[in-house]
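What follows is one structure encoded as structure tokens, with my remarks underneath.
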Amino acid sequence: MNTQLILDYLTDLGKNNEREWYHAHKAEYKEANAEFELLLKELILRIGEFDKSVLHNEPKELTFKLVRDTRFSHDKSPYNPAFRAHISSKGKLPVPVGYYLMIKPDGQSFLGGGLFADMFKDATAMVRDFIAANGREWEEILNEPDFKENFTVQGTALKRVPAGYGQEHPQAEFLKFKSWYLEYPVADHEFGDGEAFLGHAARMFRIMKPFNDFLNRALADFRMPERK
């Protein structure tokens, strides 16, 4: 498993973000993508040691395309030079939440968890209600020493507590959120040793599991909207 090869290809793509270069280097892409899928295969097994719900996943079904949607962006570069995957009990769907990996050069890689999507109003409402009703458990998860040392809850948020919740609620700041997620940065050099990276990633994902479990209990009745 050559994790450095993944980073090297993405670095080259970032410097040559053009369709002509991409198609001329399809062989390099296939090689790097194969290494990424090998990494995911092993990562699934490591996560499966503490979360068996992910073990049925096939790596190729968890990844996202490099192609960018540039229709509404000032940046017209056609590719996102990043390999990304979301590992959960239902694959790469945003719900249920799971374990997210992005490999992107120049210190932009990270391990993630939680609800990144903020476009599902039902999901946001479910999580807000669950936090409001289970505030003590929420605080215990966030204040667990290993969690607190490594993670800070992030997410898009309103300026004020939404209607229906007390402005003085103990979790008022978190009730403003529309998404609740974690990002743990990974430096480029950490991909130089694949085994060491896998061990560290598995440890971080194990620490974030109670956070994911809490959100998934909140989202137990959520159903992804059907595509029209």
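Residue names in the structure tokens use chain letters A, B, ... in the order shown, residue numbers from 1 in each chain, and ligand numbers from 1 in the order shown.
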
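Within 8 Å of Tyr100 in chain A, once only C-alpha atoms are used and residues closer than 3 positions along the same chain are dropped, the contacting residues are Arg84, Ala85, His86, Ile87, Leu111, Gly112 and Gly113 of chain A.
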
Give the helix (DSSP H, G or I) residues of range 116-205 of chain A, as assigned by DSSP on the backbone, as a PDB file with N, CA and C atoms, in the first residue's frame.
ATOM      1  N   LYS A 121     -33.760  19.915   6.008  1.00  0.00           N
ATOM      2  CA  LYS A 121     -34.391  20.578   7.152  1.00  0.00           C
ATOM      3  C   LYS A 121     -34.890  19.582   8.186  1.00  0.00           C
ATOM      4  N   ASP A 122     -35.413  18.443   7.722  1.00  0.00           N
ATOM      5  CA  ASP A 122     -35.901  17.427   8.662  1.00  0.00           C
ATOM      6  C   ASP A 122     -34.771  16.904   9.535  1.00  0.00           C
ATOM      7  N   ALA A 123     -33.613  16.668   8.926  1.00  0.00           N
ATOM      8  CA  ALA A 123     -32.466  16.159   9.681  1.00  0.00           C
ATOM      9  C   ALA A 123     -32.013  17.178  10.723  1.00  0.00           C
ATOM     10  N   THR A 124     -31.958  18.436  10.314  1.00  0.00           N
ATOM     11  CA  THR A 124     -31.554  19.493  11.254  1.00  0.00           C
ATOM     12  C   THR A 124     -32.519  19.562  12.429  1.00  0.00           C
ATOM     13  N   ALA A 125     -33.820  19.513  12.151  1.00  0.00           N
ATOM     14  CA  ALA A 125     -34.825  19.579  13.211  1.00  0.00           C
ATOM     15  C   ALA A 125     -34.704  18.385  14.163  1.00  0.00           C
ATOM     16  N   MET A 126     -34.468  17.202  13.609  1.00  0.00           N
ATOM     17  CA  MET A 126     -34.348  16.001  14.438  1.00  0.00           C
ATOM     18  C   MET A 126     -33.164  16.103  15.403  1.00  0.00           C
ATOM     19  N   VAL A 127     -32.036  16.584  14.879  1.00  0.00           N
ATOM     20  CA  VAL A 127     -30.851  16.692  15.732  1.00  0.00           C
ATOM     21  C   VAL A 127     -31.048  17.767  16.789  1.00  0.00           C
ATOM     22  N   ARG A 128     -31.614  18.898  16.420  1.00  0.00           N
ATOM     23  CA  ARG A 128     -31.876  19.956  17.415  1.00  0.00           C
ATOM     24  C   ARG A 128     -32.774  19.435  18.537  1.00  0.00           C
ATOM     25  N   ASP A 129     -33.851  18.763  18.166  1.00  0.00           N
ATOM     26  CA  ASP A 129     -34.767  18.240  19.181  1.00  0.00           C
ATOM     27  C   ASP A 129     -34.064  17.239  20.093  1.00  0.00           C
ATOM     28  N   PHE A 130     -33.201  16.426  19.510  1.00  0.00           N
ATOM     29  CA  PHE A 130     -32.522  15.386  20.292  1.00  0.00           C
ATOM     30  C   PHE A 130     -31.501  16.001  21.248  1.00  0.00           C
ATOM     31  N   ILE A 131     -30.789  17.028  20.774  1.00  0.00           N
ATOM     32  CA  ILE A 131     -29.844  17.725  21.657  1.00  0.00           C
ATOM     33  C   ILE A 131     -30.596  18.411  22.788  1.00  0.00           C
ATOM     34  N   ALA A 132     -31.707  19.062  22.447  1.00  0.00           N
ATOM     35  CA  ALA A 132     -32.497  19.763  23.464  1.00  0.00           C
ATOM     36  C   ALA A 132     -33.017  18.814  24.530  1.00  0.00           C
ATOM     37  N   ALA A 133     -33.374  17.591  24.123  1.00  0.00           N
ATOM     38  CA  ALA A 133     -33.949  16.620  25.064  1.00  0.00           C
ATOM     39  C   ALA A 133     -32.893  15.792  25.786  1.00  0.00           C
ATOM     40  N   GLY A 135     -29.513  16.899  26.557  1.00  0.00           N
ATOM     41  CA  GLY A 135     -28.389  17.817  26.713  1.00  0.00           C
ATOM     42  C   GLY A 135     -27.263  17.287  27.586  1.00  0.00           C
ATOM     43  N   ARG A 136     -27.609  16.591  28.645  1.00  0.00           N
ATOM     44  CA  ARG A 136     -26.559  16.092  29.545  1.00  0.00           C
ATOM     45  C   ARG A 136     -25.673  15.068  28.823  1.00  0.00           C
ATOM     46  N   GLU A 137     -26.310  14.157  28.089  1.00  0.00           N
ATOM     47  CA  GLU A 137     -25.523  13.158  27.348  1.00  0.00           C
ATOM     48  C   GLU A 137     -24.638  13.831  26.304  1.00  0.00           C
ATOM     49  N   TRP A 138     -25.195  14.817  25.607  1.00  0.00           N
ATOM     50  CA  TRP A 138     -24.443  15.574  24.597  1.00  0.00           C
ATOM     51  C   TRP A 138     -23.202  16.198  25.232  1.00  0.00           C
ATOM     52  N   GLU A 139     -23.369  16.832  26.375  1.00  0.00           N
ATOM     53  CA  GLU A 139     -22.243  17.475  27.041  1.00  0.00           C
ATOM     54  C   GLU A 139     -21.212  16.448  27.504  1.00  0.00           C
ATOM     55  N   GLU A 140     -21.667  15.294  27.958  1.00  0.00           N
ATOM     56  CA  GLU A 140     -20.738  14.247  28.404  1.00  0.00           C
ATOM     57  C   GLU A 140     -19.870  13.766  27.240  1.00  0.00           C
ATOM     58  N   ILE A 141     -20.479  13.625  26.067  1.00  0.00           N
ATOM     59  CA  ILE A 141     -19.719  13.198  24.882  1.00  0.00           C
ATOM     60  C   ILE A 141     -18.678  14.239  24.511  1.00  0.00           C
ATOM     61  N   LEU A 142     -19.083  15.499  24.494  1.00  0.00           N
ATOM     62  CA  LEU A 142     -18.181  16.572  24.076  1.00  0.00           C
ATOM     63  C   LEU A 142     -17.080  16.843  25.102  1.00  0.00           C
ATOM     64  N   ASN A 143     -17.333  16.500  26.345  1.00  0.00           N
ATOM     65  CA  ASN A 143     -16.352  16.770  27.397  1.00  0.00           C
ATOM     66  C   ASN A 143     -15.520  15.551  27.790  1.00  0.00           C
ATOM     67  N   PRO A 145     -12.468  13.410  27.886  1.00  0.00           N
ATOM     68  CA  PRO A 145     -11.121  13.976  27.714  1.00  0.00           C
ATOM     69  C   PRO A 145     -10.489  13.770  26.339  1.00  0.00           C
ATOM     70  N   ASP A 146     -10.502  12.548  25.792  1.00  0.00           N
ATOM     71  CA  ASP A 146      -9.886  12.307  24.477  1.00  0.00           C
ATOM     72  C   ASP A 146     -10.612  13.072  23.377  1.00  0.00           C
ATOM     73  N   PHE A 147     -11.941  13.125  23.474  1.00  0.00           N
ATOM     74  CA  PHE A 147     -12.727  13.859  22.477  1.00  0.00           C
ATOM     75  C   PHE A 147     -12.384  15.345  22.542  1.00  0.00           C
ATOM     76  N   LYS A 148     -12.414  15.894  23.735  1.00  0.00           N
ATOM     77  CA  LYS A 148     -12.184  17.330  23.918  1.00  0.00           C
ATOM     78  C   LYS A 148     -10.788  17.732  23.467  1.00  0.00           C
ATOM     79  N   GLU A 149      -9.823  16.828  23.642  1.00  0.00           N
ATOM     80  CA  GLU A 149      -8.448  17.120  23.248  1.00  0.00           C
ATOM     81  C   GLU A 149      -8.290  17.179  21.738  1.00  0.00           C
ATOM     82  N   ASN A 150      -9.089  16.406  21.009  1.00  0.00           N
ATOM     83  CA  ASN A 150      -8.878  16.260  19.570  1.00  0.00           C
ATOM     84  C   ASN A 150      -9.914  16.918  18.673  1.00  0.00           C
ATOM     85  N   ALA A 172     -27.933  26.083  24.012  1.00  0.00           N
ATOM     86  CA  ALA A 172     -28.401  27.086  23.057  1.00  0.00           C
ATOM     87  C   ALA A 172     -27.450  27.271  21.875  1.00  0.00           C
ATOM     88  N   GLU A 173     -26.141  27.296  22.127  1.00  0.00           N
ATOM     89  CA  GLU A 173     -25.187  27.529  21.047  1.00  0.00           C
ATOM     90  C   GLU A 173     -25.239  26.411  20.010  1.00  0.00           C
ATOM     91  N   PHE A 174     -25.446  25.177  20.475  1.00  0.00           N
ATOM     92  CA  PHE A 174     -25.507  24.050  19.540  1.00  0.00           C
ATOM     93  C   PHE A 174     -26.860  23.965  18.848  1.00  0.00           C
ATOM     94  N   LEU A 175     -27.893  24.540  19.437  1.00  0.00           N
ATOM     95  CA  LEU A 175     -29.205  24.543  18.798  1.00  0.00           C
ATOM     96  C   LEU A 175     -29.250  25.528  17.624  1.00  0.00           C
ATOM     97  N   ASP A 188       0.564  16.255   5.455  1.00  0.00           N
ATOM     98  CA  ASP A 188       0.994  15.473   4.293  1.00  0.00           C
ATOM     99  C   ASP A 188       1.961  14.356   4.678  1.00  0.00           C
ATOM    100  N   HIS A 189       2.904  14.653   5.559  1.00  0.00           N
ATOM    101  CA  HIS A 189       3.938  13.656   5.883  1.00  0.00           C
ATOM    102  C   HIS A 189       3.366  12.430   6.588  1.00  0.00           C
ATOM    103  N   GLU A 190       2.162  12.541   7.164  1.00  0.00           N
ATOM    104  CA  GLU A 190       1.568  11.420   7.883  1.00  0.00           C
ATOM    105  C   GLU A 190       1.130  10.291   6.944  1.00  0.00           C
ATOM    106  N   PHE A 191       1.061  10.575   5.643  1.00  0.00           N
ATOM    107  CA  PHE A 191       0.699   9.540   4.677  1.00  0.00           C
ATOM    108  C   PHE A 191       1.920   8.758   4.194  1.00  0.00           C
ATOM    109  N   GLY A 194       1.912   4.137   5.613  1.00  0.00           N
ATOM    110  CA  GLY A 194       0.513   3.741   5.537  1.00  0.00           C
ATOM    111  C   GLY A 194       0.011   3.063   6.799  1.00  0.00           C
ATOM    112  N   GLU A 195       0.813   2.169   7.376  1.00  0.00           N
ATOM    113  CA  GLU A 195       0.401   1.448   8.571  1.00  0.00           C
ATOM    114  C   GLU A 195       0.216   2.394   9.746  1.00  0.00           C
ATOM    115  N   ALA A 196       1.143   3.322   9.904  1.00  0.00           N
ATOM    116  CA  ALA A 196       1.042   4.286  11.004  1.00  0.00           C
ATOM    117  C   ALA A 196      -0.195   5.162  10.826  1.00  0.00           C
ATOM    118  N   PHE A 197      -0.455   5.573   9.576  1.00  0.00           N
ATOM    119  CA  PHE A 197      -1.646   6.390   9.323  1.00  0.00           C
ATOM    120  C   PHE A 197      -2.919   5.632   9.669  1.00  0.00           C
ATOM    121  N   LEU A 198      -3.016   4.372   9.248  1.00  0.00           N
ATOM    122  CA  LEU A 198      -4.210   3.576   9.521  1.00  0.00           C
ATOM    123  C   LEU A 198      -4.460   3.440  11.022  1.00  0.00           C
ATOM    124  N   GLY A 199      -3.404   3.195  11.780  1.00  0.00           N
ATOM    125  CA  GLY A 199      -3.553   3.062  13.222  1.00  0.00           C
ATOM    126  C   GLY A 199      -4.045   4.341  13.855  1.00  0.00           C
ATOM    127  N   HIS A 200      -3.485   5.467  13.416  1.00  0.00           N
ATOM    128  CA  HIS A 200      -3.882   6.758  13.973  1.00  0.00           C
ATOM    129  C   HIS A 200      -5.310   7.104  13.567  1.00  0.00           C
ATOM    130  N   ALA A 201      -5.653   6.859  12.298  1.00  0.00           N
ATOM    131  CA  ALA A 201      -7.006   7.156  11.817  1.00  0.00           C
ATOM    132  C   ALA A 201      -8.041   6.329  12.569  1.00  0.00           C
ATOM    133  N   ALA A 202      -7.760   5.047  12.759  1.00  0.00           N
ATOM    134  CA  ALA A 202      -8.701   4.182  13.477  1.00  0.00           C
ATOM    135  C   ALA A 202      -8.906   4.677  14.909  1.00  0.00           C
ATOM    136  N   ARG A 203      -7.840   5.123  15.536  1.00  0.00           N
ATOM    137  CA  ARG A 203      -7.965   5.636  16.908  1.00  0.00           C
ATOM    138  C   ARG A 203      -8.849   6.879  16.945  1.00  0.00           C
ATOM    139  N   MET A 204      -8.642   7.799  16.012  1.00  0.00           N
ATOM    140  CA  MET A 204      -9.455   9.018  15.977  1.00  0.00           C
ATOM    141  C   MET A 204     -10.923   8.699  15.700  1.00  0.00           C
ATOM    142  N   PHE A 205     -11.166   7.756  14.792  1.00  0.00           N
ATOM    143  CA  PHE A 205     -12.542   7.381  14.486  1.00  0.00           C
ATOM    144  C   PHE A 205     -13.205   6.694  15.680  1.00  0.00           C
TER     145      PHE A 205
END

* To do: Please run DSSP on the backbone and report, as a ChimeraX atom specification, all residues within range 4-199 of chain A that come out as strand (DSSP E or B).
  => /A:63,67,79,83-87,99-103,109-115,154,157,177,180-186

Store the residues picked out above in a file with C-alpha atoms, as an mmCIF file, in the first residue's frame.
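Result file is result-v2.cif:
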data_model
loop_
_atom_site.group_PDB
_atom_site.id
_atom_site.type_symbol
_atom_site.label_atom_id
_atom_site.label_comp_id
_atom_site.auth_asym_id
_atom_site.auth_seq_id
_atom_site.Cartn_x
_atom_site.Cartn_y
_atom_site.Cartn_z
ATOM 1 C CA THR A 63 -15.647 7.258 -2.974
ATOM 2 C CA VAL A 67 -14.934 16.207 -11.213
ATOM 3 C CA TYR A 79 -11.198 18.814 -10.818
ATOM 4 C CA PHE A 83 -9.629 11.577 -2.802
ATOM 5 C CA ARG A 84 -12.674 11.423 -0.530
ATOM 6 C CA ALA A 85 -14.762 8.685 1.052
ATOM 7 C CA HIS A 86 -17.543 8.332 3.612
ATOM 8 C CA ILE A 87 -17.793 5.040 5.508
ATOM 9 C CA TYR A 99 -16.412 8.242 9.138
ATOM 10 C CA TYR A 100 -15.092 10.626 6.486
ATOM 11 C CA LEU A 101 -11.630 10.714 4.941
ATOM 12 C CA MET A 102 -10.281 13.373 2.602
ATOM 13 C CA ILE A 103 -6.750 13.218 1.239
ATOM 14 C CA SER A 109 -6.433 16.421 4.435
ATOM 15 C CA PHE A 110 -8.655 15.505 7.362
ATOM 16 C CA LEU A 111 -10.576 12.783 9.166
ATOM 17 C CA GLY A 112 -14.208 13.708 9.728
ATOM 18 C CA GLY A 113 -17.423 12.602 11.327
ATOM 19 C CA GLY A 114 -20.954 13.797 11.963
ATOM 20 C CA LEU A 115 -23.559 15.506 9.812
ATOM 21 C CA GLN A 154 -18.228 22.662 13.701
ATOM 22 C CA ALA A 157 -25.207 28.012 12.168
ATOM 23 C CA PHE A 177 -26.341 24.843 14.269
ATOM 24 C CA TRP A 180 -22.776 19.219 13.348
ATOM 25 C CA TYR A 181 -19.457 17.754 12.256
ATOM 26 C CA LEU A 182 -15.839 17.126 13.217
ATOM 27 C CA GLU A 183 -12.606 17.654 11.281
ATOM 28 C CA TYR A 184 -9.255 16.312 12.451
ATOM 29 C CA PRO A 185 -6.363 17.612 10.306
ATOM 30 C CA VAL A 186 -3.813 15.229 8.804
#

Excluding same-chain residues fewer than 5 positions from Asn57 in chain A, what lies within 8 Å of it counting only C-alpha atoms, as a PDB file with N, CA and C atoms, in the first residue's frame?
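Okay, this is what ended up in around.pdb:
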ATOM      1  N   ILE A  44     -11.625   0.125   6.619  1.00  0.00           N
ATOM      2  CA  ILE A  44     -12.922  -0.480   6.970  1.00  0.00           C
ATOM      3  C   ILE A  44     -12.724  -1.595   7.990  1.00  0.00           C
ATOM      4  N   LEU A  62     -17.736   3.812  -1.918  1.00  0.00           N
ATOM      5  CA  LEU A  62     -17.692   4.834  -0.870  1.00  0.00           C
ATOM      6  C   LEU A  62     -17.029   6.126  -1.328  1.00  0.00           C
ATOM      7  N   ILE A  87     -17.579   6.433   5.111  1.00  0.00           N
ATOM      8  CA  ILE A  87     -17.793   5.040   5.508  1.00  0.00           C
ATOM      9  C   ILE A  87     -18.849   4.993   6.591  1.00  0.00           C
ATOM     10  N   SER A  89     -22.811   2.749   7.871  1.00  0.00           N
ATOM     11  CA  SER A  89     -23.599   1.522   7.734  1.00  0.00           C
ATOM     12  C   SER A  89     -24.359   1.477   6.413  1.00  0.00           C
ATOM     13  N   GLY A  91     -23.094   3.129   3.554  1.00  0.00           N
ATOM     14  CA  GLY A  91     -22.184   3.616   2.533  1.00  0.00           C
ATOM     15  C   GLY A  91     -21.885   5.090   2.607  1.00  0.00           C
TER      16      GLY A  91
END

* Structure fact -> Shortest contact to Phe120 in chain A, candidates A:Gln4, A:Asn216, A:Ser53, A:Ser179, atoms counted only C-alpha atoms, goes to A:Ser179

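Of the residues under consideration (A:Asn80, A:Gln171, A:Asn134, A:Thr11), A:Thr11 shows the shortest atom-to-atom contact distance to Glu28 in chain A when counting only C-alpha atoms.
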
* To do: Give me the residues within 10 Å of Pro78 in chain A as number ranges by chain, counting only C-alpha atoms and dropping any in the same chain fewer than 5 places off.
  => A: 17-19, 22, 66-70

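Taking only C-alpha atoms, the non-local environment of Leu45 in chain A within 10 Å (same-chain residues fewer than 6 positions away omitted) comprises A:Asp51, A:Lys52, A:Val54, A:Leu55, A:His56, A:Asn57, A:Ala202.
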
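Closest approach to Lys90 in chain A from the set A:Thr156, A:Thr3, A:Ala27, A:Glu58 is made by A:Glu58, with distances taken over only C-alpha atoms.
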
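If only C-alpha atoms are the atoms counted, then among A:Ala117, A:Gly98, A:Glu144, A:Ala32 the closest residue to Asp12 in chain A is A:Ala32.
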
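Residues surrounding Ala34 in chain A within 12 Å are Met1, Asn2, Thr3, Leu5, Ile6, Tyr9, Ala27, Glu28, Tyr29, Lys30, Leu38, Leu39, Leu40, Lys41, Pro59, Lys60, Thr63 and Phe83 of chain A [only C-alpha atoms; sequence separation below 4 positions excluded].
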
Selection above as a file: C-alpha atoms, as an mmCIF file, in the first residue's frame:
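Printed below is result-v6.cif as written:
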data_model
loop_
_atom_site.group_PDB
_atom_site.id
_atom_site.type_symbol
_atom_site.label_atom_id
_atom_site.label_comp_id
_atom_site.auth_asym_id
_atom_site.auth_seq_id
_atom_site.Cartn_x
_atom_site.Cartn_y
_atom_site.Cartn_z
ATOM 1 C CA MET A 1 0.000 0.000 0.000
ATOM 2 C CA ASN A 2 1.732 3.155 -1.268
ATOM 3 C CA THR A 3 -0.051 6.087 0.356
ATOM 4 C CA LEU A 5 1.702 7.685 -4.412
ATOM 5 C CA ILE A 6 -1.825 8.970 -3.696
ATOM 6 C CA TYR A 9 -0.760 12.159 -7.925
ATOM 7 C CA ALA A 27 -2.831 5.557 -15.955
ATOM 8 C CA GLU A 28 -1.465 7.508 -12.981
ATOM 9 C CA TYR A 29 -4.999 8.222 -11.812
ATOM 10 C CA LYS A 30 -5.951 4.552 -11.962
ATOM 11 C CA LEU A 38 -6.655 -0.507 -0.789
ATOM 12 C CA LEU A 39 -6.316 2.051 1.982
ATOM 13 C CA LEU A 40 -10.089 2.154 2.410
ATOM 14 C CA LYS A 41 -10.329 -1.625 2.482
ATOM 15 C CA PRO A 59 -14.328 0.657 -1.084
ATOM 16 C CA LYS A 60 -15.245 1.617 -4.671
ATOM 17 C CA THR A 63 -15.647 7.258 -2.974
ATOM 18 C CA PHE A 83 -9.629 11.577 -2.802
#
